[in-house]
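Notes to accompany the following structure.
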Amino acid sequence: MDYTFQWRAAFRALPDMLWGALVTLEVALLSMVLGTLLAIMLALASGSRFRAVRALSLSWVELARNTPALFQIYMVYFGLGSLGIFLDSFLALLAAITFNNAGYLAETFRGGLRAVPGTQMRAARSLGMGQFQAFRLIVLPQMFRVVFPPLTNQMVWAILMTSLGVVVGLTNDLTGVTQDLNVRSFRTFEFFAIAAVLYYLMTKLVIGSARLMAWRLFRY
């Protein structure tokens, strides 16, 4: 093996890779916020008395959970493009990860809602709360206490899934920047090793922050 490592050139590109890491975090955070909002609606829709609403929720969850994430990105970017709906790489990746997050989290939230005793809602209504107010102030906080660990896992998955943006031409996230540096320098091992470390640190940051939030929010 006569490969010569050249770490100096790789470390000189570290600022560019850190900016790419910020874009990665931006996509992951936005997709989680939007995905969480959609997942709550899908979880509620799964128990709707309207068959069409239940069917829509079930179809979303089935497609998101049982098709590859790469296919979902392709369908948003290329599939919608063939229908005349053109999204740039950033928005296509964001939409696809949001779709995926919502599908996975909908089932998580549905289980979390079932874990909250129905007596909680009845007790809140007996105190004069409206249905929406009772759901927002009583049911949702208890649900999030139950689903917080899988919610953290989904955030980690969202960070890692952003790396698929390179297949639709996203060049300013961490994987896109790393790929561009690799093409220009052919130092594959060095650049992707640093990128792997940055992904590792981002996921560890999320897990550590989540543990701190859980300790602050759910210690009682």
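In the structure tokens, chains take letters A, B, ... by order of appearance, with residues numbered from 1 within each chain and ligands from 1 in the order shown.
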
- Query: Hey, what's within 8 Å of Ala55 in chain A if we count only C-alpha atoms and toss same-chain stuff fewer than 4 positions away? As a PyMOL selection string, please?
  - Reply: chain A and resi 46+51+59

- Please return as a PyMOL selection string: the residues of range 85-141 of chain A that backbone DSSP assigns to helix (DSSP H, G or I). chain A and resi 89-115+118-126+131-141

- For range 7-12 of chain A, list every protein, DNA or RNA residue within 12 Å, evaluated using only C-alpha atoms, and leave out those in the same chain fewer than 3 positions away; present the list as an MDAnalysis selection string. chainID A and resid 4 15:18 177:178 181:182 184:195

Serialized selection, C-alpha atoms, as a PDB file, in the first residue's frame:
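In the end it all went to again23.pdb:
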ATOM      1  CA  THR A   4       0.366   8.916   1.055  1.00  0.00           C
ATOM      2  CA  PRO A  15     -13.949  26.001   7.374  1.00  0.00           C
ATOM      3  CA  ASP A  16     -15.805  25.167   4.150  1.00  0.00           C
ATOM      4  CA  MET A  17     -16.847  21.822   5.586  1.00  0.00           C
ATOM      5  CA  LEU A  18     -18.090  23.480   8.764  1.00  0.00           C
ATOM      6  CA  VAL A 177     -18.951  20.264  -0.043  1.00  0.00           C
ATOM      7  CA  THR A 178     -16.946  17.138   0.733  1.00  0.00           C
ATOM      8  CA  LEU A 181     -13.387  18.931  -2.492  1.00  0.00           C
ATOM      9  CA  ASN A 182     -12.782  15.287  -3.318  1.00  0.00           C
ATOM     10  CA  ARG A 184     -10.880  18.725  -7.093  1.00  0.00           C
ATOM     11  CA  SER A 185      -8.166  17.059  -5.027  1.00  0.00           C
ATOM     12  CA  PHE A 186      -8.749  13.272  -5.229  1.00  0.00           C
ATOM     13  CA  ARG A 187      -7.993  13.022  -1.497  1.00  0.00           C
ATOM     14  CA  THR A 188     -11.006  10.805  -0.862  1.00  0.00           C
ATOM     15  CA  PHE A 189      -9.988   9.234   2.428  1.00  0.00           C
ATOM     16  CA  GLU A 190      -8.928  12.461   4.121  1.00  0.00           C
ATOM     17  CA  PHE A 191     -11.967  14.546   3.212  1.00  0.00           C
ATOM     18  CA  PHE A 192     -14.573  11.872   3.854  1.00  0.00           C
ATOM     19  CA  ALA A 193     -12.902  10.871   7.111  1.00  0.00           C
ATOM     20  CA  ILE A 194     -13.211  14.457   8.351  1.00  0.00           C
ATOM     21  CA  ALA A 195     -16.817  14.589   7.106  1.00  0.00           C
TER      22      ALA A 195
END

- Nearest to Gln154 in chain A, chosen from A:Tyr104, A:Phe135, A:Phe218, A:Phe109, with only C-alpha atoms counted in the distances: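 Ranked by minimum distance to Gln154 in chain A, first place goes to A:Tyr104.
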
Within 9 Å of range 73-77 of chain A using only C-alpha atoms, minus same-chain residues under 3 positions, as a tab-separated table (two decimals) with C-alpha atoms, in the first residue's frame:
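Once written, selection-v1.tsv looks like this:
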chain	number	residue	atom	x	y	z
A	68	PRO	CA	-36.44	3.95	0.37
A	69	ALA	CA	-35.66	7.51	1.38
A	70	LEU	CA	-33.60	7.85	-1.80
A	80	LEU	CA	-42.56	16.58	-9.54
A	81	GLY	CA	-40.29	18.12	-12.17
A	82	SER	CA	-41.83	15.88	-14.83
A	85	ILE	CA	-43.37	21.48	-10.49
A	86	PHE	CA	-39.69	22.39	-10.20
A	87	LEU	CA	-37.97	22.60	-6.82
A	88	ASP	CA	-34.33	23.40	-6.30
A	89	SER	CA	-32.12	20.83	-4.61
A	91	LEU	CA	-36.25	22.50	-1.18
A	92	ALA	CA	-36.56	19.05	-2.75
A	93	LEU	CA	-34.36	17.52	-0.05
A	94	LEU	CA	-36.21	19.41	2.68
A	95	ALA	CA	-39.61	18.29	1.35
A	96	ALA	CA	-38.54	14.66	1.04
A	97	ILE	CA	-37.03	14.45	4.53
A	164	LEU	CA	-28.58	11.95	0.12
A	165	GLY	CA	-29.00	15.51	-1.17
A	167	VAL	CA	-27.82	12.78	-5.65
A	168	VAL	CA	-30.06	15.71	-6.66

- Item | Coordinates-based distance that separates CA of Leu37 in chain A from CA of Thr152 in chain A (Å, one decimal) | 15.3 Å
